[in-house]
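This report concerns only the one structure given below.
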Amino acid sequence: MKRPETVTRDEWLDARRELLAKEKDLTRAQDRLNAERRRLPMVRMDKDYRFTGPDGEVGLVELFEGRRQLVVQHFMFDPSWDQGCPSCTAMADDLSEGALAHLASRDTAFSAVSRAPYPKLAAYRRERGWTFPWYSSHGSDFNYDFHVSLDPAVTPTEYNFRDAAAWVGAGQEWLADYVGEQPGVSAFLREGDEVFHTYSAYGRGVEVMMQAYRLLDITALGRQEEWEEPSDRVPDAWPADPGFPR
């Protein structure tokens, strides 16, 4: 394993200040991007999606719990599975009670939604010790309309805003006819009883929920995954698996 170069404190400060200037540039660029995200137009949710939770069947507006905004984790949990996706599980593990309270203080609710029947979700939630709301979209079009359940026989393939032809062109032919679950995160705005879809992210966009990755990114060894540079920091690098396999 090759360690970072050892230097004097003054040399380290020079290098750190140079990196800080780049970090500030990135922060300002992120602020500009966030402003563009907030300026995105929105789409009225006209379909009456139904979800099953601890109190029975509810509509999308009930997931807001009276708040103005809602963030949904599209949690991968196929109806045939007995456990949730390991990566989505790791994301949910990173979601603390404090984070939920902070969202609520800014008039924002959080919920996970999966296609598995509610009893499976409730059992897995108890097993993991989670307290955040989790609803089943089983039997509805919600997952297919938000392109996190893929099946060309149900709806044309689209994931991360690319159709089947685009995925083939990108060298990801397997996604063109893939049948199964994929991760995502979506945001919604409520005005009275009207609900609007404002944002969705897929692929690496779901890293917004991965606090462990964010902390590892500031360390010398990083995420310790095979794709990272420099590539010689750990003797046995992990695969790019946000489920943190052990």
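Naming works like this for the structure tokens: A, B, ... for the chains as they're shown, residue 1 at the start of each chain, ligands 1 onward in shown order.
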- Message: Excluding range 116-125 of chain A and its own-chain neighbours fewer than 2 positions away, which residues fall within 10 Å of it when counting only C-alpha atoms? Please give them as a PyMOL selection string.
- Response: chain A and resi 51-54+56+75-84+89+92+112-114+127-139
Can you tell me which residues surround range 41-50 of chain A at a distance of at most 8 Å, considering only C-alpha atoms, apart from same-chain residues fewer than 3 positions away, and format the answer as an mmCIF file with C-alpha atoms, in the first residue's frame?
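Result went into around_8.cif, see below:
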```cif
data_model
loop_
_atom_site.group_PDB
_atom_site.id
_atom_site.type_symbol
_atom_site.label_atom_id
_atom_site.label_comp_id
_atom_site.auth_asym_id
_atom_site.auth_seq_id
_atom_site.Cartn_x
_atom_site.Cartn_y
_atom_site.Cartn_z
ATOM 1 C CA GLU A 57 -54.384 2.583 1.851
ATOM 2 C CA VAL A 58 -53.413 6.218 1.294
ATOM 3 C CA GLY A 59 -52.776 8.581 -1.584
ATOM 4 C CA LEU A 60 -49.584 10.444 -2.456
ATOM 5 C CA SER A 137 -46.764 0.773 -4.217
ATOM 6 C CA SER A 140 -49.962 0.604 -8.803
ATOM 7 C CA ASP A 141 -48.109 2.202 -11.718
ATOM 8 C CA PHE A 142 -45.996 4.409 -9.461
ATOM 9 C CA GLU A 194 -52.347 19.338 -5.385
ATOM 10 C CA VAL A 195 -49.036 17.495 -5.693
ATOM 11 C CA PHE A 196 -46.269 18.363 -8.148
ATOM 12 C CA HIS A 197 -43.212 16.357 -9.164
ATOM 13 C CA THR A 198 -40.161 18.650 -9.071
ATOM 14 C CA TYR A 199 -37.081 16.415 -9.300
#
```
- Message: I'd like the contact shell of Arg3 in chain A - 12 Å cut-off, only C-alpha atoms, skipping same-chain residues fewer than 6 positions apart - returned as a list of chain:residue names.
- Response: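 So, after excluding close chain neighbours, the residues are A:Thr219, A:Ala220, A:Leu221, A:Pro230, A:Ser231, A:Asp232, A:Arg233, A:Val234, A:Pro235.
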- Message: Please extract the residues of chain A with a backbone DSSP assignment of strand (DSSP E or B) and present them as an MDAnalysis selection string.
- Response: chainID A and resid 43:44 50:53 56:59 69:74 108:114 134:136 149:150 158:159 162:163 180:181 184:191 194:202 225 238
- Looking at A:Pro183, A:Pro86, A:Gly171, A:Gly66, which one is nearest to Asp241 in chain A, with distances taken over only C-alpha atoms?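 Closest to Asp241 in chain A of all the choices is A:Pro86.
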- Message: Give me, as an MDAnalysis selection string, all polymer residues having an atom no more than 7 Å from His147 in chain A, counting only C-alpha atoms and skipping those fewer than 4 positions away in the same chain.
- Response: chainID A and resid 143 158:159
- Apply DSSP to the backbone of this structure and, from range 72-234 of chain A, keep only the residues in alpha helix (DSSP H); write these as a PyMOL selection string. chain A and resi 86-93+97-105+118-128+142-145+164-169+211-216
- The distance between CA of Glu62 in chain A and CA of Glu207 in chain A is 26.3 Å
